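The structure under discussion appears below in the form of structure tokens.
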There are 2 protein chains.
Amino acid sequence: MCSSGDTARMRAAVVTTPGGPEVLEIMEVPDPVPGPDEIRVRVTHSACNRADIMQRLGGYPDPVQRSHNILGLEYAGFVESVGERVTRWSVGDRVMGIEAGGCNAELVVTHERMALAVPDSLADDEMAAIPEVFITAWDALVAQGSLSAGRWALVHAGGSGVGTASIQIARAIGARIAVTCSARKADACRDLGADLVLERSPADWASQLRDAVPDGVDVVLDVVGGDEVDRNLKVVRTQGTIMQVGLLGGATASVSTGLLLTKRIHWIGTTLRNRPLEQKIAAVQRFAAEMMPLIANGTLRPVVDTTFALDDIADAHRHMEADANVGKILLRM
Amino acid sequence: MCSSGDTARMRAAVVTTPGGPEVLEIMEVPDPVPGPDEIRVRVTHSACNRADIMQRLGGYPDPVQRSHNILGLEYAGFVESVGERVTRWSVGDRVMGIEAGGCNAELVVTHERMALAVPDSLADDEMAAIPEVFITAWDALVAQGSLSAGRWALVHAGGSGVGTASIQIARAIGARIAVTCSARKADACRDLGADLVLERSPADWASQLRDAVPDGVDVVLDVVGGDEVDRNLKVVRTQGTIMQVGLLGGATASVSTGLLLTKRIHWIGTTLRNRPLEQKIAAVQRFAAEMMPLIANGTLRPVVDTTFALDDIADAHRHMEADANVGKILLRM
């Protein structure tokens, strides 16, 4: 075993009282201790995600019991120590991955089969821009949504981390992709290779999309919900799939169930965070087989918007809430 | 070829003006002519389905172009003639099956791979009580909903044709089933083998079901929609599936998308009628392999409520609209 003892402590971004960015504290908390099948990672970079805002506000608790309420869904760094049954990793290996929380910290503990090897081609700061958004986009569009060559995807928030990952993945597998975004992010989405860039609501993107893709899109990846739900039902093809990945537009919606029925639509809710370990490992391992080669050879590139020091995490959250970023907002430990 | 000539005519139940049961007319219309891969069936019995009411009201048109707007989604009878490329059937074979319309008639034309052989154990009138409801229930619960041994189904309208088929199918494959129904149909549902019989809304069936199945049901088959949608989302387990088969409660609904997302629910709209031929054949052939042996040996039994003569189809519709039936309402040609 590799416990550092009860007294060893690390720095981490902790929420003790729900609220705005100002409630975020950098605290010294006990080092996490790896179990026999786990590795402990010295984190060099982590990142911010929308789910962190919800957790900060008290609405999206970390499903894992930890000593403190530490933010952070992804990490990149190197293996600092290994549990006694670990066979895949050695101390010093460069790794990255997703966790249900606790990653905005100097140390993270993870099951050895949850970690991804970092290709030599990626710089230290870039690798933290990969795990959450590329796994989320690939899992929703490809693994669950069955997006494949020739088919059309629609992805809302094309300039977001998940959006920029989606554009690249769709192009890499021979699919076509339409995105919605604010006008200021349109050029960035085009530069990444989006086939169709639509101004987001209240602009009438649905009519434009139906004109361009009259038979409807095969897969929708939606982080908004709310009023977009009915538009998704209108633009998806018969037997198409809508992946509900987020609900920035609210947790209820008035829905044309008649469209769902007659078009035989599959509407699927999905999160990575709440899955049991075996499902997370299955997703990560399939992602490793299908997407990591394309990350290693540069076909898929991390899109970094800004990097903040961990001490400036409140500013990082303010930047995220201003919705001005294209791609990832990173944290440097 | 086996055309009977331009002048041959058959009797059929036709809608010329949308409206109540009184608009139904028994007319002489041209005999349908089989194509080279099709058979023509002399119908001995057909049946009534909820979709017929919608078609009668003008809201659910038959997707197939026919000489007249003939009701009827299923037939049973014997092969009267065969197209020149037909290999599976001979004149006189007993067959049954589903079509997109046109079955409340003396003759029906169908692709040879769409027809099911009728087991000797079934009487002529019984066989018309099989196709639509058993294929619908099996396709929704098992083929799409992945119901399997040990798992729980919830089926609304347990006393309906689809409901009585669902109860039997669930029991036959080792699954457990809860149904909602009106109080007067509860005993019939219990007698068929439902594990849990719940009084339908406005009774608080959802709370009773959650008490009985705290982890939630695996698959919901819902013909209602409307206010039942949110209750379905509440009682289905994490990663469970809701099959939306009908919308008797209305074509819109206010939906807790937050539940859909956090429970990672699959909500799937489904109809048999609007599918392309290849998908219908695939469903029928898999049904033949998996369910017909259980129909042949008596494990699954047709549930006949009443049989009307074709001339009395208006009375049959009135009976269906009164929602007093348990099982199928048949038509005798």
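As shown in the structure tokens, the chain order sets the letters A, B, ...; within each chain, residues go from 1, and ligands are also counted from 1 in the order they appear.
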Determine which residues of chain B sit within 8 Å of chain A, taking into account only C-alpha atoms, and present them as a list in words.
->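 My answer is Gly225, Gln244, Val245, Gly246, Leu247, Ala251, Thr252, Ala253, Ser254, Val255, Ser256, Thr257, Gly258, Leu260, Leu261, Thr262, Lys263, Arg264, Ile265, His266, Trp267, Ile268, Gly269, Thr270, Thr271 and Asn274 of chain B.
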Excluding Arg190 of chain A and residues on its chain fewer than 6 positions from it, collect all residues at most 10 Å away from it, counting only C-alpha atoms, and give them as a list of chain:residue names.
-> A:Gly158, A:Gly159, A:Ile167, A:Ala178, A:Val179, A:Leu196, A:Val197
Restricted to C-alpha atoms, what would the selected residues look like written as an mmCIF file, in the first residue's frame?
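Saved to result21.cif:
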data_model
loop_
_atom_site.group_PDB
_atom_site.id
_atom_site.type_symbol
_atom_site.label_atom_id
_atom_site.label_comp_id
_atom_site.auth_asym_id
_atom_site.auth_seq_id
_atom_site.Cartn_x
_atom_site.Cartn_y
_atom_site.Cartn_z
ATOM 1 C CA GLY A 158 -20.904 24.340 -30.794
ATOM 2 C CA GLY A 159 -18.268 26.598 -29.261
ATOM 3 C CA ILE A 167 -17.194 18.910 -34.426
ATOM 4 C CA ALA A 178 -24.493 21.175 -37.737
ATOM 5 C CA VAL A 179 -23.979 23.273 -34.620
ATOM 6 C CA LEU A 196 -23.346 24.059 -40.907
ATOM 7 C CA VAL A 197 -23.151 26.804 -38.279
#
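If you count only C-alpha atoms and ignore residues fewer than 6 places along the chain from Asp62 of chain B, what sits within 8 Å of it is Gln55, Asn69, Ala100 and Gly101 of chain B.
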Kindly export the residues of the current selection with N, CA and C atoms, as a PDB file, in the first residue's frame.
ATOM      1  N   GLN B  55     -58.276   6.637 -37.424  1.00  0.00           N
ATOM      2  CA  GLN B  55     -58.414   6.669 -38.887  1.00  0.00           C
ATOM      3  C   GLN B  55     -59.835   7.065 -39.283  1.00  0.00           C
ATOM      4  N   ASN B  69     -60.534   4.026 -48.582  1.00  0.00           N
ATOM      5  CA  ASN B  69     -60.013   4.187 -47.223  1.00  0.00           C
ATOM      6  C   ASN B  69     -60.595   3.094 -46.323  1.00  0.00           C
ATOM      7  N   ALA B 100     -50.843  -2.230 -42.769  1.00  0.00           N
ATOM      8  CA  ALA B 100     -51.010  -0.819 -42.397  1.00  0.00           C
ATOM      9  C   ALA B 100     -52.453  -0.347 -42.521  1.00  0.00           C
ATOM     10  N   GLY B 101     -53.318  -1.185 -43.032  1.00  0.00           N
ATOM     11  CA  GLY B 101     -54.726  -0.844 -43.219  1.00  0.00           C
ATOM     12  C   GLY B 101     -55.342  -1.872 -44.141  1.00  0.00           C
TER      13      GLY B 101
END
Residues within 9 Å of segment 144-147 of chain B, only C-alpha atoms, excluding chain neighbours under 6 positions, as a VMD selection string = chain B and resid 138 153 170 173 175 218 to 221 240 to 243 268
Would you list the contacts of Leu116 of chain B as a ChimeraX atom specification, taking every protein, DNA or RNA residue within 9 Å and counting only C-alpha atoms, but skipping same-chain residues closer than 6 positions in sequence?
-> /B:94-97,131,284-285,288,292
Restricting the output to all heavy atoms, write the selected residues as a short mmCIF file (atom, residue, chain, number, x, y, z; two decimals), in the first residue's frame.
data_model
loop_
_atom_site.label_atom_id
_atom_site.label_comp_id
_atom_site.auth_asym_id
_atom_site.auth_seq_id
_atom_site.Cartn_x
_atom_site.Cartn_y
_atom_site.Cartn_z
N ARG B 94 -53.45 -21.68 -43.87
CA ARG B 94 -54.01 -20.74 -42.88
C ARG B 94 -52.95 -19.73 -42.47
O ARG B 94 -51.84 -20.10 -42.05
CB ARG B 94 -54.50 -21.49 -41.64
CG ARG B 94 -55.67 -22.43 -41.90
CD ARG B 94 -55.95 -23.24 -40.66
NE ARG B 94 -56.77 -22.53 -39.68
CZ ARG B 94 -56.67 -22.70 -38.36
NH1 ARG B 94 -55.76 -23.49 -37.85
NH2 ARG B 94 -57.47 -22.04 -37.54
N VAL B 95 -53.29 -18.47 -42.58
CA VAL B 95 -52.32 -17.39 -42.28
C VAL B 95 -52.99 -16.29 -41.47
O VAL B 95 -54.23 -16.15 -41.44
CB VAL B 95 -51.74 -16.77 -43.57
CG1 VAL B 95 -50.79 -17.74 -44.27
CG2 VAL B 95 -52.85 -16.33 -44.51
N MET B 96 -52.14 -15.50 -40.82
CA MET B 96 -52.61 -14.30 -40.11
C MET B 96 -51.50 -13.27 -40.19
O MET B 96 -50.36 -13.61 -40.49
CB MET B 96 -52.94 -14.63 -38.66
CG MET B 96 -51.75 -15.13 -37.84
SD MET B 96 -52.28 -15.65 -36.18
CE MET B 96 -50.69 -16.05 -35.43
N GLY B 97 -51.85 -12.02 -39.90
CA GLY B 97 -50.80 -11.02 -39.97
C GLY B 97 -51.29 -9.61 -39.75
O GLY B 97 -52.48 -9.36 -39.52
N PRO B 131 -52.45 -11.18 -33.99
CA PRO B 131 -51.32 -10.46 -34.60
C PRO B 131 -51.01 -9.09 -34.01
O PRO B 131 -49.89 -8.86 -33.52
CB PRO B 131 -51.72 -10.38 -36.08
CG PRO B 131 -52.67 -11.51 -36.29
CD PRO B 131 -53.41 -11.63 -34.99
N VAL B 284 -41.73 -9.16 -37.77
CA VAL B 284 -42.63 -10.31 -37.90
C VAL B 284 -41.84 -11.62 -37.85
O VAL B 284 -42.25 -12.59 -37.17
CB VAL B 284 -43.45 -10.21 -39.20
CG1 VAL B 284 -44.08 -11.55 -39.57
CG2 VAL B 284 -44.52 -9.13 -39.07
N GLN B 285 -40.72 -11.68 -38.54
CA GLN B 285 -39.95 -12.93 -38.58
C GLN B 285 -39.35 -13.25 -37.22
O GLN B 285 -39.29 -14.41 -36.82
CB GLN B 285 -38.87 -12.85 -39.67
CG GLN B 285 -39.43 -12.80 -41.09
CD GLN B 285 -40.26 -14.04 -41.44
OE1 GLN B 285 -39.98 -15.14 -40.99
NE2 GLN B 285 -41.29 -13.85 -42.25
N ALA B 288 -42.11 -14.50 -35.14
CA ALA B 288 -42.41 -15.89 -35.52
C ALA B 288 -41.47 -16.86 -34.82
O ALA B 288 -41.89 -17.91 -34.32
CB ALA B 288 -42.31 -16.05 -37.04
N MET B 292 -44.21 -17.45 -31.70
CA MET B 292 -45.18 -18.39 -32.28
C MET B 292 -45.12 -19.78 -31.64
O MET B 292 -46.17 -20.41 -31.47
CB MET B 292 -45.02 -18.46 -33.80
CG MET B 292 -45.57 -17.24 -34.55
SD MET B 292 -47.30 -16.82 -34.17
CE MET B 292 -48.14 -18.30 -34.75
#
Between atom CA of Leu248 of chain A and atom CA of Tyr60 of chain A - distance in Å to one decimal = 13.1 Å
Please report, as a list in words, each residue of segment 68-130 of chain B to which DSSP assigns alpha helix (DSSP H) when run on this structure's backbone.
->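 Secondary structure check on segment 68-130 of chain B, alpha helix (DSSP H): Asp124, Asp125, Glu126 and Met127 of chain B.
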Identify, on the basis of only C-alpha atoms, every residue whose closest approach to Ala12 of chain B does not exceed 6 Å; exclude the query and any residue fewer than 3 positions from it along the same chain; express the result as a VMD selection string.
-> chain B and resid 26 to 27 104 to 105
Contacts of segment 298-300 of chain B at 10 Å or less, counting only C-alpha atoms, minus same-chain residues fewer than 6 places along, as number ranges by chain?
-> B: 119, 121-122, 130, 134, 164-169, 171-172, 291-292
Report the residues of segment 34-254 of chain A whose backbone DSSP state falls under strand (DSSP E), written as JSON, numbers by chain.
-> {"A": [38, 39, 40, 41, 42, 43, 44, 45, 46, 47, 48, 74, 75, 76, 77, 78, 79, 80, 81, 82, 94, 95, 96, 97, 98, 107, 108, 109, 110, 111, 116, 117, 152, 153, 154, 155, 176, 177, 178, 179, 180, 181, 196, 197, 198, 199, 217, 218, 219, 220, 221, 222, 236, 237, 238, 239, 240, 241, 242, 243, 244, 253, 254]}
Which is closest to Ala140 of chain B among B:Ala8, B:Leu277, B:Val236, B:Val162, if we use only C-alpha atoms?
-> B:Val162
Which residue gives the smallest distance to Asp305 of chain A among A:Ala129, A:Asp230, A:Ala143, A:Arg113, with only C-alpha atoms counted?
-> A:Ala129
